[in-house]
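Chemist: Here's a structure for you.
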Amino acid sequence: GPSWCLRFQNDTNAYALFRSNTLDDVLGLAAYLEEELGWPLCATEAVPPYFRQVVEQALTTQDQGRIRLLLEDERLVAVLARAGREWGPLVRPRLRDVLKTLEAETAGLSTLATEAGSEARAGAVELLGELRDPSVLPVLRRALADPSGSVRVRAAEALGRMRDRDAVSALCAALQYAPELRHAAALALGEIGDAGAVGALSELLAGPGRVTDPHCRQGVIGALGKIKDPAAIPAL
């Protein structure tokens, strides 16, 4: 808020850390702001303002060094992924372009996707999906069975963006889970466009276990519309 911005601008130590290009200083800034000003690095709802500026500047200037630093810490990976998601189509292409130039660092994302904490796993899965590299598809498919719901949702979204037909069966199974994952899986199946998903999607509209949540129903209807298979007409 305004009070935080004012305190940050007036604090020369925090500002010096903000301008630094070393990982220790970026993490130092995060710790300082969390402890002194009450802004946690891994805020659940939004990217903290100071970190938004760091990421935005790095992506705008295609700063490989800064992005490389962000990929070295699992907490920063989680926030970097969230930043790309929140800023949408204007930022995602820049993020993708930078990630493709950092092969060694992005290779480490596959390890984070299975071994890190849940928030970092979700972030790593999302960033792997941004790469659009077929070699990461096995990691994304395994992530659909992750214990964390947020990881499963990001995996479904990534598989949909990459139009992975080999994931159709697992995505159809995911339609039976929590509403957020069900919605993500439905949208992914629509992006993939495989007629083999029509039966599972139609069941959610007209079957015994049909869903009543308007958001989920809208996602399922949209997916069936993209698949464009006449077999879906009775359910619609």
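Residue numbers start at 1 in each chain; chains themselves are named A, B, ... in the order of the structure tokens; ligands are numbered from 1 in the order shown.
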I want to know what sits within 9 Å of region 221-223 of chain A, based on only C-alpha atoms, with residues of the same chain fewer than 5 positions away left out; could you give that as a PyMOL selection string?
Modeler: chain A and resi 186-191+193+198+201-202+205+216+228+236
Chemist: Write the residues you've just listed into a file as a short mmCIF file (atom, residue, chain, number, x, y, z; two decimals), in the first residue's frame, and include N, CA, C and O atoms for each of them.
Modeler:
data_model
loop_
_atom_site.label_atom_id
_atom_site.label_comp_id
_atom_site.auth_asym_id
_atom_site.auth_seq_id
_atom_site.Cartn_x
_atom_site.Cartn_y
_atom_site.Cartn_z
N ALA A 186 -10.79 -29.46 -17.95
CA ALA A 186 -11.75 -29.27 -19.04
C ALA A 186 -11.20 -28.30 -20.08
O ALA A 186 -11.27 -28.56 -21.29
N LEU A 187 -10.66 -27.20 -19.62
CA LEU A 187 -10.08 -26.23 -20.55
C LEU A 187 -8.92 -26.84 -21.33
O LEU A 187 -8.77 -26.59 -22.54
N ALA A 188 -8.11 -27.63 -20.65
CA ALA A 188 -6.97 -28.28 -21.31
C ALA A 188 -7.45 -29.23 -22.40
O ALA A 188 -6.91 -29.26 -23.51
N LEU A 189 -8.49 -29.99 -22.10
CA LEU A 189 -9.03 -30.92 -23.08
C LEU A 189 -9.60 -30.18 -24.29
O LEU A 189 -9.49 -30.63 -25.43
N GLY A 190 -10.18 -29.01 -24.04
CA GLY A 190 -10.66 -28.20 -25.15
C GLY A 190 -9.52 -27.72 -26.03
O GLY A 190 -9.64 -27.70 -27.26
N GLU A 191 -8.41 -27.34 -25.40
CA GLU A 191 -7.25 -26.88 -26.17
C GLU A 191 -6.66 -28.02 -27.00
O GLU A 191 -6.22 -27.83 -28.14
N GLY A 193 -8.29 -30.73 -28.06
CA GLY A 193 -9.23 -30.97 -29.15
C GLY A 193 -9.40 -32.42 -29.56
O GLY A 193 -9.79 -32.70 -30.70
N VAL A 198 -14.78 -36.34 -25.34
CA VAL A 198 -16.18 -35.89 -25.39
C VAL A 198 -17.05 -36.62 -24.38
O VAL A 198 -17.89 -36.01 -23.70
N LEU A 201 -16.38 -35.35 -20.78
CA LEU A 201 -16.86 -33.98 -20.63
C LEU A 201 -18.39 -33.93 -20.63
O LEU A 201 -19.00 -33.20 -19.84
N SER A 202 -19.01 -34.69 -21.51
CA SER A 202 -20.47 -34.70 -21.58
C SER A 202 -21.09 -35.20 -20.29
O SER A 202 -22.17 -34.74 -19.88
N LEU A 205 -22.00 -32.63 -17.83
CA LEU A 205 -23.15 -31.78 -18.13
C LEU A 205 -24.47 -32.51 -17.99
O LEU A 205 -25.46 -31.92 -17.53
N CYS A 216 -17.56 -24.22 -13.60
CA CYS A 216 -17.13 -25.50 -14.17
C CYS A 216 -17.94 -25.84 -15.41
O CYS A 216 -17.39 -26.29 -16.43
N LYS A 228 -15.67 -29.69 -31.11
CA LYS A 228 -16.55 -29.69 -32.30
C LYS A 228 -16.87 -31.10 -32.79
O LYS A 228 -16.80 -31.42 -33.98
N LEU A 236 -25.15 -30.84 -24.76
CA LEU A 236 -25.23 -29.40 -24.83
C LEU A 236 -26.68 -28.92 -24.92
O LEU A 236 -26.99 -27.79 -24.57
#
Chemist: Which residues, written as a PyMOL selection string, have at least one atom at most 9 Å from region 129-142 of chain A, with only C-alpha atoms counted and residues fewer than 2 positions away on the same chain left out?
Modeler: chain A and resi 92-93+95-97+99-100+106+110+113-114+124-127+144-146+152+154-159+161-162+164+166-167+170
Chemist: Where does DSSP see alpha helix (DSSP H) in region 30-217 of chain A, if you list the residues as a VMD selection string?
Modeler: chain A and resid 30 to 36 49 to 60 64 to 70 74 to 87 92 to 100 103 to 115 118 to 131 137 to 143 149 to 161 168 to 174 179 to 192 198 to 206 214 to 217
Chemist: Return the single residue from A:Leu59, A:Ala184, A:Val98, A:Ala232 that is closest to His215 (chain A), with distances computed using only C-alpha atoms.
Modeler: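 Smallest separation from His215 (chain A) among the options: A:Ala184.
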